[in-house]
Amino acid sequence: FQRELCDNLRMTIIPQNAFQGMNNESLTLKLYKNGFEDIHSHAFNGTKLNQLILKDNKNLRRIHNDALRGATGPDVLDISSTALESLPSYGLEAIQVLNATSSYSLKRLPPLDKFSSLLEAVLTYPSHCCAFRNLRTERQNLLFSIFDNFSKECESTMRRPTNEMLDDSNSTLLWSAERKMHPFGTDYESSPYSYSTIFDDSEMGGFDFEYDFCQPKVLTCTPEPDAFNPCEDILGYSFLRVLIWFINILAIAGNFTVLLVLLTSHYKLTVPRFLMCNLSFADFCMGLYLLLIASVDAQTSGQYYNHAIDWQTGGGCSTAGFFTVFASELSVYTLTVITLERWHTITYAMQLDRKLRLRHAVPIMLGGWLFSIGIALLPLFGVSSYMKVSICLPMDIETGLSQAYILLILVLNVVAFVVICACYIKIYIAVQNPELVAANKDTKVAKRMAILIFTDFTCMAPISFFAISAAFKVPLITVTNSKILLVLFYPVNSCANPFLYAIFTKAFRRDFFLLMSKLGCCKSRAELYRMNYFSAYNSNCKNGGAATAPTKASQAFLLLSALEKPYPAPRDKTSHKENLPRVP
């Protein structure tokens with residue numbers, strides 16, 4: 001029996017017992033293109049539903065959890081092109097076919113055990129099929145384990161003719177007797193030698209066999225997950241789930257400490273300190289990105305398919321994507337400026353009028369901030385997208401503009417790395433002077449430069465190589481494996497920079513202990529650093545007037561000590577007074 005009700009925009013609800021007493025036979029209800037907004041509890045009470053078609057009800061946002069209570073079925077449920085945000089928790093057990101295409105508001109599914117009879121699902125989001133893939137695997141593993149002992153019989157049954165099977169020498173007499181008692185014209189499953197007499201009905205559920213129950217039904221689900229969104233949690237691997245917490249805490253704690261010490265220091269703000277503050281803030285933002293990814297992964301572990309749409313299309317993923325692109329580009333930009341500043345200071349060491357001052361550094365870094373913010377905002381306005389993958393990186397290269405955007409970022413990063421390497425090589429050549437340094441100091445400088453270049457290379461090279469190949473639509477690595485790069489290589493600079501550029505320097509340790517002394521800790525260490533500083537200051541004052549003009553090489557090495565102590569050396573008594581610290 002079929003009932004059709006359509007194109008009635010004035011009907012906004014389906015009340016209780018709306019179809020009760022219509023017919024005791026199987027009923028197909030076609031209720032499409034109406035104005036339904038809500039379906040009440042027990043709306044289909046007393047019906048025996050075969051198909052329930054609710055498609056194209058654009059305003060249908062709610063089906064009460066008990067809407068199907070009191071009804072039998074349905075076998076087929078079609079809610080495509082509706083605004084439903086959830087399915088009822090009761091009455092889904094009989095559904096064999098579920099159609100939910102273009103139901104963009106349906107971002108979460110009810111518990112999977114409710115779909116005990118489901119054989120076919122046509123959904124809107126690929127991630128939901130991951131849920132049914134897991135369900136299918138569990139069901140098949142259970143049932144195949146039951147029939148494992150019969151696999152050989154199944155194979156032989158499917159390959160041999162029926163008469164040969166029945167006339168087997170080992171069972172001819174038995175089957176001959178049974179054929180008289182249970183001819184093939186009767187219900188074959190009632191035979192005492194069929195599988196139905198061995199297993200319970202609950203164990204046979206979900207199977208439909210042609211050859212003595214050897215061909216199981218398979219649950220099919222579309223659309224299938226694609227390469228960008230495989231059926232896995234955000235981080236994929238268990239060891240990454242542990243490692244990312246260690247890395248993000250290290251990045252956040254290290255860079256926050258550097259920012260706190262530099263911003264609270266009573267020493268004059270110099271260009272190196274100003275640049276170090278910018279670098280620490282950028283790397284701190286990278287730590288926040290990793291923290292956000294790790295937190296969401298921990299919350300959705302094992303059920304990411306039910307959270308994927310909310311996460312990737314919501315503000316959380318967009319925020320994480322903005323943080324990582326902004327932090328990455330500002331960090332690379334600032335590292336390049338720091339390296340160029342060191343090279344410029346050494347190259348023009350004798351030309352004090354060409355020294356880079358704070359009034360020059362501020363507009364340079366302002367340009368870097370504007371550039372990084374602009375690059376990070378583009379995916380929010382349709383140039384690539386942060387919603388493509390669960391880790392919220394701009395991996396969308398479907399359009400030419402998006403592809404150009406990705407290539408621009410990667411090429412700029414490679415150029416920045418080349419500039420950093422070239423500058424450090426020139427700096428190393430500049431300090432190669434036998435009048436200046438002993439071999440051990442020369443080796444120390446070389447090692448420090450090698451570490452700086454190595455960390456930059458470790459961070460940029462793997463990411464750039466695989467990303468450039470993917471940008472040309474020739475991916476050499478899967479999204480799953482790219483998550484290893486995300487955790488192990490991508491944040492290397494963010495973790496290493498605060499240590500290499502600040503925490504391992506003597507000047508930072510001095511500022512740190514002076515700050516701790518204000519809080520009542522480490523007062524003896526702070527006093528020791530204060531005495532050493534004034535001793536060096538007085539020594540420079542005494543030698544400042546009588547000393548001859550330094551050579552370019554000696555001045556270069558002195559200024560290169562920004563690697564070790566990023567504070568400018570005093571030149572005369574006037575400059576000493578300007579740089580004299582305010583003693584607390």
# chains A, B, ... in the order shown; residues from 1 in each chain; ligands from 1
call {"tool": "residues_around", "arguments": {"residues": "range 102-108 of chain A", "least_positions_apart": "6", "cutoff": "12 Å", "atoms": "only C-alpha atoms", "output": "CSV table (one decimal) with C-alpha atoms, in the first residue's frame"}}
result
chain,number,residue,atom,x,y,z
A,54,LEU,CA,11.1,12.3,3.5
A,55,LYS,CA,13.4,13.8,0.9
A,56,ASP,CA,13.3,17.4,-0.3
A,57,ASN,CA,11.7,18.7,2.9
A,58,LYS,CA,14.1,21.6,3.0
A,59,ASN,CA,12.9,22.9,6.4
A,60,LEU,CA,12.8,19.6,8.2
A,61,ARG,CA,15.2,20.0,11.1
A,62,ARG,CA,14.0,17.6,13.7
A,63,ILE,CA,12.7,14.1,14.0
A,78,ASP,CA,15.2,8.6,2.6
A,79,ILE,CA,16.1,11.9,4.3
A,80,SER,CA,18.1,13.4,1.4
A,81,SER,CA,18.0,17.2,0.9
A,82,THR,CA,16.7,18.0,4.4
A,83,ALA,CA,18.0,20.1,7.2
A,84,LEU,CA,18.0,17.4,9.8
A,85,GLU,CA,20.8,17.6,12.4
A,86,SER,CA,20.3,14.2,13.9
A,87,LEU,CA,18.5,10.9,13.4
A,88,PRO,CA,16.1,9.4,16.0
A,122,VAL,CA,24.2,6.7,0.6
A,123,LEU,CA,25.4,9.7,2.7
A,124,THR,CA,26.6,13.3,2.3
A,125,TYR,CA,30.1,13.2,4.0
A,126,PRO,CA,32.8,10.6,3.3
A,127,SER,CA,33.9,10.5,6.9
A,128,HIS,CA,30.6,8.9,7.9
A,129,CYS,CA,31.3,5.9,5.7
A,131,ALA,CA,31.9,4.5,10.8
A,223,PRO,CA,30.8,8.3,-0.9
A,303,GLN,CA,35.3,8.5,16.8
A,304,TYR,CA,36.7,11.2,14.6
A,305,TYR,CA,34.2,10.3,11.9
A,306,ASN,CA,31.5,11.8,14.0
A,307,HIS,CA,33.4,15.0,14.6
A,308,ALA,CA,35.2,15.4,11.3
A,309,ILE,CA,32.7,17.7,9.7
A,310,ASP,CA,32.2,20.0,12.7
A,311,TRP,CA,36.0,20.3,13.1
A,312,GLN,CA,37.1,20.8,9.5
A,313,THR,CA,34.2,23.1,8.6
A,314,GLY,CA,34.1,25.0,11.9
call {"tool": "select_by_dssp", "arguments": {"residues": "range 296-516 of chain A", "states": "alpha helix (DSSP H)", "output": "PyMOL selection string"}}
result
chain A and resi 296-300+308-313+315-347+358-377+400-430+439-471+479-488+492-498+506-516
call {"tool": "write_last_selection", "arguments": {"atoms": "C-alpha atoms", "output": "short mmCIF file (atom, residue, chain, number, x, y, z; two decimals), in the first residue's frame"}}
result
data_model
loop_
_atom_site.label_atom_id
_atom_site.label_comp_id
_atom_site.auth_asym_id
_atom_site.auth_seq_id
_atom_site.Cartn_x
_atom_site.Cartn_y
_atom_site.Cartn_z
CA VAL A 296 41.09 17.86 19.42
CA ASP A 297 42.74 14.54 18.56
CA ALA A 298 42.55 13.46 22.21
CA GLN A 299 38.87 14.42 22.42
CA THR A 300 37.84 12.67 19.18
CA ALA A 308 35.21 15.44 11.31
CA ILE A 309 32.65 17.74 9.71
CA ASP A 310 32.22 19.98 12.74
CA TRP A 311 35.99 20.26 13.14
CA GLN A 312 37.05 20.78 9.53
CA THR A 313 34.22 23.13 8.56
CA GLY A 315 36.04 27.86 13.34
CA GLY A 316 38.45 25.59 15.21
CA CYS A 317 40.20 24.25 12.11
CA SER A 318 40.26 27.70 10.48
CA THR A 319 41.87 29.14 13.62
CA ALA A 320 44.44 26.35 13.75
CA GLY A 321 45.24 26.80 10.06
CA PHE A 322 45.65 30.55 10.45
CA PHE A 323 47.97 30.05 13.43
CA THR A 324 50.23 27.59 11.65
CA VAL A 325 50.60 29.53 8.38
CA PHE A 326 51.06 32.86 10.18
CA ALA A 327 53.57 31.38 12.63
CA SER A 328 55.50 29.51 9.95
CA GLU A 329 55.86 32.50 7.64
CA LEU A 330 56.64 35.03 10.39
CA SER A 331 59.23 32.65 11.86
CA VAL A 332 60.96 32.15 8.50
CA TYR A 333 60.82 35.89 7.77
CA THR A 334 62.26 36.80 11.19
CA LEU A 335 65.02 34.19 10.95
CA THR A 336 66.00 35.68 7.60
CA VAL A 337 66.03 39.22 9.01
CA ILE A 338 68.11 38.13 12.04
CA THR A 339 70.66 36.47 9.75
CA LEU A 340 70.80 39.47 7.41
CA GLU A 341 71.21 41.81 10.40
CA ARG A 342 74.18 39.81 11.64
CA TRP A 343 75.74 39.73 8.21
CA HIS A 344 75.13 43.48 7.70
CA THR A 345 76.61 44.37 11.10
CA ILE A 346 79.78 42.38 10.41
CA THR A 347 80.14 43.52 6.80
CA LEU A 358 65.64 50.02 16.00
CA ARG A 359 63.96 52.66 13.85
CA HIS A 360 64.98 50.59 10.82
CA ALA A 361 64.06 47.21 12.30
CA VAL A 362 60.51 48.18 13.30
CA PRO A 363 59.21 48.92 9.76
CA ILE A 364 61.03 45.85 8.43
CA MET A 365 59.25 43.61 10.92
CA LEU A 366 55.97 45.44 10.40
CA GLY A 367 56.21 44.41 6.75
CA GLY A 368 56.82 40.82 7.85
CA TRP A 369 53.75 40.85 10.08
CA LEU A 370 51.54 42.24 7.33
CA PHE A 371 52.88 39.69 4.85
CA SER A 372 52.37 36.75 7.26
CA ILE A 373 48.86 37.83 8.23
CA GLY A 374 47.91 38.31 4.57
CA ILE A 375 49.25 34.90 3.55
CA ALA A 376 47.41 33.23 6.47
CA LEU A 377 44.11 34.99 5.65
CA GLY A 400 45.11 27.31 -10.45
CA LEU A 401 45.05 30.14 -7.93
CA SER A 402 45.23 27.72 -5.00
CA GLN A 403 48.11 25.88 -6.65
CA ALA A 404 49.97 29.17 -7.21
CA TYR A 405 49.38 30.11 -3.57
CA ILE A 406 50.98 26.89 -2.28
CA LEU A 407 53.91 27.18 -4.66
CA LEU A 408 54.49 30.83 -3.65
CA ILE A 409 54.79 29.88 0.01
CA LEU A 410 57.12 26.98 -0.70
CA VAL A 411 59.36 28.93 -3.09
CA LEU A 412 59.67 31.82 -0.61
CA ASN A 413 60.66 29.38 2.13
CA VAL A 414 63.31 27.80 -0.07
CA VAL A 415 64.67 31.25 -1.03
CA ALA A 416 64.78 32.21 2.66
CA PHE A 417 66.78 29.07 3.47
CA VAL A 418 69.27 29.81 0.69
CA VAL A 419 69.70 33.39 1.96
CA ILE A 420 70.27 32.15 5.53
CA CYS A 421 72.88 29.65 4.39
CA ALA A 422 74.67 32.22 2.21
CA CYS A 423 74.78 34.78 5.01
CA TYR A 424 76.18 32.36 7.56
CA ILE A 425 78.83 31.22 5.11
CA LYS A 426 79.88 34.86 4.56
CA ILE A 427 79.87 35.46 8.31
CA TYR A 428 82.11 32.44 8.83
CA ILE A 429 84.52 33.67 6.17
CA ALA A 430 84.57 37.10 7.83
CA ALA A 439 91.40 27.70 16.59
CA ASN A 440 89.08 26.59 19.34
CA LYS A 441 86.99 29.78 19.12
CA ASP A 442 86.88 29.46 15.35
CA THR A 443 85.61 25.91 15.67
CA LYS A 444 83.04 26.96 18.22
CA VAL A 445 81.61 29.60 15.89
CA ALA A 446 81.55 27.13 13.00
CA LYS A 447 79.72 24.54 15.06
CA ARG A 448 77.12 27.05 16.24
CA MET A 449 76.48 28.17 12.66
CA ALA A 450 76.25 24.56 11.51
CA ILE A 451 73.60 23.87 14.15
CA LEU A 452 71.56 26.89 13.08
CA ILE A 453 71.69 25.89 9.41
CA PHE A 454 70.98 22.24 10.20
CA THR A 455 67.82 23.04 12.19
CA ASP A 456 66.58 25.27 9.37
CA PHE A 457 67.31 22.56 6.81
CA THR A 458 65.66 19.84 8.92
CA CYS A 459 62.52 21.93 9.22
CA MET A 460 62.25 23.20 5.63
CA ALA A 461 63.72 20.53 3.36
CA PRO A 462 61.35 17.55 3.91
CA ILE A 463 58.24 19.74 4.02
CA SER A 464 59.22 21.72 0.92
CA PHE A 465 60.22 18.67 -1.11
CA PHE A 466 57.03 16.69 -0.59
CA ALA A 467 54.80 19.77 -0.67
CA ILE A 468 56.18 20.99 -4.00
CA SER A 469 55.63 17.56 -5.56
CA ALA A 470 52.06 17.52 -4.21
CA ALA A 471 51.46 21.06 -5.50
CA VAL A 479 48.28 12.40 4.07
CA THR A 480 48.73 9.74 6.77
CA ASN A 481 52.51 9.78 6.39
CA SER A 482 52.59 13.57 6.05
CA LYS A 483 51.42 13.72 9.66
CA ILE A 484 54.81 12.31 10.65
CA LEU A 485 56.42 15.31 8.95
CA LEU A 486 53.95 17.59 10.72
CA VAL A 487 55.02 16.39 14.17
CA LEU A 488 58.69 15.46 13.70
CA VAL A 492 61.74 21.76 14.68
CA ASN A 493 62.55 25.47 14.42
CA SER A 494 59.85 26.43 16.89
CA CYS A 495 61.39 24.13 19.50
CA ALA A 496 65.04 24.85 18.71
CA ASN A 497 64.99 28.63 18.11
CA PRO A 498 64.42 29.76 21.71
CA LYS A 506 75.08 34.18 28.46
CA ALA A 507 73.09 37.39 28.14
CA PHE A 508 69.79 35.54 28.40
CA ARG A 509 70.94 33.60 31.44
CA ARG A 510 71.95 36.89 33.07
CA ASP A 511 68.52 38.42 32.35
CA PHE A 512 66.80 35.27 33.55
CA PHE A 513 68.54 35.22 36.94
CA LEU A 514 68.04 38.96 37.39
CA LEU A 515 64.33 38.42 36.80
CA MET A 516 64.27 35.51 39.23
#
call {"tool": "residues_around", "arguments": {"residues": "Ile95 in chain A", "least_positions_apart": "6", "cutoff": "10 Å", "atoms": "only C-alpha atoms", "output": "PyMOL selection string"}}
result
chain A and resi 50-51+73-77+114-121
call {"tool": "write_last_selection", "arguments": {"atoms": "all heavy atoms", "output": "short mmCIF file (atom, residue, chain, number, x, y, z; two decimals), in the first residue's frame"}}
result
data_model
loop_
_atom_site.label_atom_id
_atom_site.label_comp_id
_atom_site.auth_asym_id
_atom_site.auth_seq_id
_atom_site.Cartn_x
_atom_site.Cartn_y
_atom_site.Cartn_z
N ASN A 50 7.24 0.05 5.04
CA ASN A 50 8.21 -0.54 4.13
C ASN A 50 9.23 0.53 3.73
O ASN A 50 10.43 0.32 3.84
CB ASN A 50 7.51 -1.11 2.91
CG ASN A 50 8.49 -1.75 1.94
OD1 ASN A 50 9.54 -2.23 2.36
ND2 ASN A 50 8.17 -1.75 0.66
N GLN A 51 8.74 1.66 3.26
CA GLN A 51 9.60 2.78 2.88
C GLN A 51 9.04 4.06 3.49
O GLN A 51 7.83 4.29 3.48
CB GLN A 51 9.68 2.93 1.35
CG GLN A 51 10.28 1.74 0.63
CD GLN A 51 10.41 2.00 -0.86
OE1 GLN A 51 10.70 3.12 -1.29
NE2 GLN A 51 10.20 0.96 -1.65
N GLY A 73 9.29 -1.25 11.16
CA GLY A 73 10.09 -0.73 10.06
C GLY A 73 10.55 0.69 10.37
O GLY A 73 10.57 1.11 11.53
N PRO A 74 10.95 1.45 9.34
CA PRO A 74 10.91 1.12 7.91
C PRO A 74 12.15 0.36 7.46
O PRO A 74 13.18 0.39 8.12
CB PRO A 74 10.87 2.50 7.27
CG PRO A 74 11.67 3.35 8.21
CD PRO A 74 11.37 2.84 9.58
N ASP A 75 12.03 -0.29 6.29
CA ASP A 75 13.18 -0.95 5.69
C ASP A 75 14.04 0.06 4.92
O ASP A 75 15.25 -0.11 4.82
CB ASP A 75 12.72 -2.05 4.73
CG ASP A 75 11.95 -3.15 5.46
OD1 ASP A 75 12.24 -3.36 6.66
OD2 ASP A 75 11.07 -3.77 4.84
N VAL A 76 13.38 1.09 4.36
CA VAL A 76 14.08 2.12 3.58
C VAL A 76 13.73 3.47 4.16
O VAL A 76 12.56 3.80 4.36
CB VAL A 76 13.68 2.07 2.08
CG1 VAL A 76 14.37 3.19 1.32
CG2 VAL A 76 14.00 0.71 1.48
N LEU A 77 14.76 4.27 4.46
CA LEU A 77 14.57 5.62 4.97
C LEU A 77 15.34 6.59 4.09
O LEU A 77 16.55 6.46 3.92
CB LEU A 77 15.07 5.73 6.42
CG LEU A 77 14.99 7.13 7.06
CD1 LEU A 77 13.53 7.60 7.13
CD2 LEU A 77 15.63 7.14 8.44
N LYS A 114 22.73 0.81 16.45
CA LYS A 114 21.33 1.01 16.06
C LYS A 114 21.07 0.51 14.64
O LYS A 114 19.95 0.14 14.29
CB LYS A 114 20.95 2.49 16.16
CG LYS A 114 21.11 3.09 17.54
CD LYS A 114 20.13 2.50 18.53
CE LYS A 114 20.24 3.15 19.89
NZ LYS A 114 19.32 2.57 20.88
N PHE A 115 22.12 0.51 13.80
CA PHE A 115 21.96 0.10 12.40
C PHE A 115 22.26 -1.39 12.25
O PHE A 115 23.13 -1.80 11.48
CB PHE A 115 22.89 0.90 11.49
CG PHE A 115 22.62 2.38 11.51
CD1 PHE A 115 23.38 3.23 12.32
CD2 PHE A 115 21.62 2.93 10.74
CE1 PHE A 115 23.15 4.59 12.34
CE2 PHE A 115 21.37 4.29 10.75
CZ PHE A 115 22.13 5.13 11.55
N SER A 116 21.53 -2.22 12.97
CA SER A 116 21.84 -3.66 13.00
C SER A 116 21.50 -4.36 11.70
O SER A 116 22.02 -5.45 11.43
CB SER A 116 21.10 -4.31 14.16
OG SER A 116 19.70 -4.08 14.05
N SER A 117 20.61 -3.80 10.87
CA SER A 117 20.20 -4.47 9.62
C SER A 117 20.67 -3.73 8.38
O SER A 117 20.32 -4.13 7.26
CB SER A 117 18.67 -4.60 9.58
OG SER A 117 18.18 -5.32 10.68
N LEU A 118 21.44 -2.68 8.54
CA LEU A 118 21.80 -1.81 7.41
C LEU A 118 22.66 -2.55 6.39
O LEU A 118 23.64 -3.20 6.75
CB LEU A 118 22.53 -0.58 7.92
CG LEU A 118 22.77 0.53 6.90
CD1 LEU A 118 21.44 1.12 6.43
CD2 LEU A 118 23.66 1.62 7.49
N LEU A 119 22.28 -2.43 5.11
CA LEU A 119 23.02 -3.04 4.02
C LEU A 119 23.56 -2.01 3.03
O LEU A 119 24.54 -2.27 2.35
CB LEU A 119 22.13 -4.03 3.26
CG LEU A 119 21.60 -5.23 4.07
CD1 LEU A 119 20.66 -6.06 3.21
CD2 LEU A 119 22.76 -6.07 4.57
N GLU A 120 22.91 -0.86 2.95
CA GLU A 120 23.33 0.17 1.99
C GLU A 120 23.10 1.55 2.59
O GLU A 120 22.03 1.84 3.13
CB GLU A 120 22.56 0.03 0.68
CG GLU A 120 22.96 1.07 -0.37
CD GLU A 120 22.17 0.94 -1.66
OE1 GLU A 120 21.36 0.00 -1.76
OE2 GLU A 120 22.34 1.80 -2.55
N ALA A 121 24.13 2.39 2.50
CA ALA A 121 24.03 3.77 2.99
C ALA A 121 24.58 4.71 1.93
O ALA A 121 25.71 4.52 1.45
CB ALA A 121 24.80 3.92 4.30
#
call {"tool": "residues_around", "arguments": {"residues": "range 2-5 of chain A", "least_positions_apart": "2", "cutoff": "7 Å", "atoms": "only C-alpha atoms", "output": "JSON list (two decimals) with all heavy atoms, in the first residue's frame"}}
result
[["chain", "number", "residue", "atom", "x", "y", "z"],
["A", 27, "LEU", "N", 3.36, -0.45, 4.25],
["A", 27, "LEU", "CA", 2.99, 0.88, 3.78],
["A", 27, "LEU", "C", 4.23, 1.62, 3.31],
["A", 27, "LEU", "O", 5.27, 1.63, 3.98],
["A", 27, "LEU", "CB", 2.33, 1.66, 4.93],
["A", 27, "LEU", "CG", 1.90, 3.09, 4.66],
["A", 27, "LEU", "CD1", 0.80, 3.13, 3.60],
["A", 27, "LEU", "CD2", 1.41, 3.74, 5.95],
["A", 28, "THR", "N", 4.12, 2.23, 2.14],
["A", 28, "THR", "CA", 5.16, 3.12, 1.63],
["A", 28, "THR", "C", 4.65, 4.55, 1.72],
["A", 28, "THR", "O", 3.66, 4.91, 1.07],
["A", 28, "THR", "CB", 5.52, 2.78, 0.18],
["A", 28, "THR", "OG1", 6.09, 1.47, 0.13],
["A", 28, "THR", "CG2", 6.53, 3.77, -0.37],
["A", 29, "LEU", "N", 5.33, 5.37, 2.53],
["A", 29, "LEU", "CA", 4.94, 6.76, 2.69],
["A", 29, "LEU", "C", 5.90, 7.66, 1.93],
["A", 29, "LEU", "O", 7.11, 7.67, 2.23],
["A", 29, "LEU", "CB", 4.93, 7.14, 4.18],
["A", 29, "LEU", "CG", 3.79, 6.62, 5.03],
["A", 29, "LEU", "CD1", 3.98, 7.05, 6.49],
["A", 29, "LEU", "CD2", 2.45, 7.11, 4.52],
["A", 30, "LYS", "N", 5.38, 8.38, 0.96],
["A", 30, "LYS", "CA", 6.17, 9.33, 0.20],
["A", 30, "LYS", "C", 5.74, 10.74, 0.59],
["A", 30, "LYS", "O", 4.74, 11.25, 0.11],
["A", 30, "LYS", "CB", 5.99, 9.10, -1.30],
["A", 30, "LYS", "CG", 6.51, 7.75, -1.78],
["A", 30, "LYS", "CD", 6.43, 7.61, -3.29],
["A", 30, "LYS", "CE", 7.03, 6.28, -3.75],
["A", 30, "LYS", "NZ", 6.98, 6.13, -5.22],
["A", 31, "LEU", "N", 6.51, 11.32, 1.49],
["A", 31, "LEU", "CA", 6.18, 12.64, 2.04],
["A", 31, "LEU", "C", 7.28, 13.62, 1.66],
["A", 31, "LEU", "O", 8.11, 13.99, 2.48],
["A", 31, "LEU", "CB", 6.04, 12.54, 3.56],
["A", 31, "LEU", "CG", 5.18, 11.40, 4.11],
["A", 31, "LEU", "CD1", 5.26, 11.35, 5.62],
["A", 31, "LEU", "CD2", 3.73, 11.57, 3.66],
["A", 32, "TYR", "N", 7.32, 14.04, 0.42],
["A", 32, "TYR", "CA", 8.43, 14.86, -0.04],
["A", 32, "TYR", "C", 7.94, 16.24, -0.53],
["A", 32, "TYR", "O", 6.79, 16.44, -0.88],
["A", 32, "TYR", "CB", 9.22, 14.15, -1.14],
["A", 32, "TYR", "CG", 8.40, 13.65, -2.30],
["A", 32, "TYR", "CD1", 8.12, 14.46, -3.39],
["A", 32, "TYR", "CD2", 7.93, 12.35, -2.32],
["A", 32, "TYR", "CE1", 7.37, 14.00, -4.46],
["A", 32, "TYR", "CE2", 7.18, 11.86, -3.39],
["A", 32, "TYR", "CZ", 6.91, 12.70, -4.46],
["A", 32, "TYR", "OH", 6.16, 12.23, -5.51]]
call {"tool": "atom_distance", "arguments": {"atom1": "CA of Leu352 in chain A", "atom2": "CA of Val431 in chain A"}}
result
18.7 Å
call {"tool": "closest_residue", "arguments": {"among": "A:Gln96, A:Thr12, A:Asn45, A:Ser89", "to": "Thr72 in chain A", "atoms": "only C-alpha atoms"}}
result
A:Asn45
call {"tool": "atom_distance", "arguments": {"atom1": "CA of Asn34 in chain A", "atom2": "CA of Leu112 in chain A"}}
result
29.5 Å
call {"tool": "closest_residue", "arguments": {"among": "A:Asn99, A:Leu240, A:Ser265, A:Ala251", "to": "Thr220 in chain A", "atoms": "only C-alpha atoms"}}
result
A:Asn99
call {"tool": "atom_distance", "arguments": {"atom1": "CA of Asp66 in chain A", "atom2": "CA of Tyr90 in chain A"}}
result
6.0 Å
call {"tool": "decode", "arguments": {"residues": "range 241-246 of chain A", "atoms": "all heavy atoms", "output": "CSV table (one decimal), in the first residue's frame"}}
result
chain,number,residue,atom,x,y,z
A,241,ARG,N,50.6,10.7,18.7
A,241,ARG,CA,49.7,11.3,19.7
A,241,ARG,C,50.4,11.6,21.0
A,241,ARG,O,50.1,12.5,21.7
A,241,ARG,CB,48.5,10.3,20.0
A,241,ARG,CG,47.4,10.8,20.9
A,241,ARG,CD,46.3,9.9,20.9
A,241,ARG,NE,45.6,9.9,19.6
A,241,ARG,CZ,45.4,8.8,18.8
A,241,ARG,NH1,46.0,7.7,19.1
A,241,ARG,NH2,44.8,8.9,17.7
A,242,VAL,N,51.4,10.8,21.3
A,242,VAL,CA,52.2,11.1,22.5
A,242,VAL,C,53.3,12.1,22.3
A,242,VAL,O,53.5,13.1,23.1
A,242,VAL,CB,52.9,9.7,23.0
A,242,VAL,CG1,53.8,10.0,24.2
A,242,VAL,CG2,51.9,8.7,23.4
A,243,LEU,N,54.0,12.0,21.1
A,243,LEU,CA,55.1,12.9,20.8
A,243,LEU,C,54.7,14.3,20.6
A,243,LEU,O,55.4,15.3,21.0
A,243,LEU,CB,55.8,12.4,19.5
A,243,LEU,CG,57.1,13.0,19.2
A,243,LEU,CD1,58.1,12.6,20.3
A,243,LEU,CD2,57.7,12.4,17.9
A,244,ILE,N,53.5,14.6,20.1
A,244,ILE,CA,53.0,15.9,19.8
A,244,ILE,C,52.8,16.7,21.1
A,244,ILE,O,53.1,17.9,21.1
A,244,ILE,CB,51.8,15.9,18.9
A,244,ILE,CG1,51.5,17.4,18.4
A,244,ILE,CG2,50.6,15.5,19.8
A,244,ILE,CD1,50.4,17.4,17.4
A,245,TRP,N,52.5,16.0,22.2
A,245,TRP,CA,52.3,16.7,23.5
A,245,TRP,C,53.7,17.2,24.0
A,245,TRP,O,53.8,18.3,24.5
A,245,TRP,CB,51.6,15.8,24.5
A,245,TRP,CG,50.2,15.8,24.3
A,245,TRP,CD1,49.5,14.7,23.7
A,245,TRP,CD2,49.2,16.7,24.7
A,245,TRP,NE1,48.1,15.0,23.7
A,245,TRP,CE2,47.9,16.2,24.3
A,245,TRP,CE3,49.3,18.0,25.3
A,245,TRP,CZ2,46.7,17.0,24.5
A,245,TRP,CZ3,48.1,18.7,25.5
A,245,TRP,CH2,46.9,18.2,25.1
A,246,PHE,N,54.7,16.4,23.9
A,246,PHE,CA,56.0,16.8,24.3
A,246,PHE,C,56.5,17.9,23.5
A,246,PHE,O,57.1,18.9,24.0
A,246,PHE,CB,57.0,15.6,24.2
A,246,PHE,CG,58.4,15.9,24.4
A,246,PHE,CD1,58.9,16.1,25.7
A,246,PHE,CD2,59.3,16.1,23.3
A,246,PHE,CE1,60.2,16.4,25.9
A,246,PHE,CE2,60.6,16.4,23.6
A,246,PHE,CZ,61.1,16.5,24.9
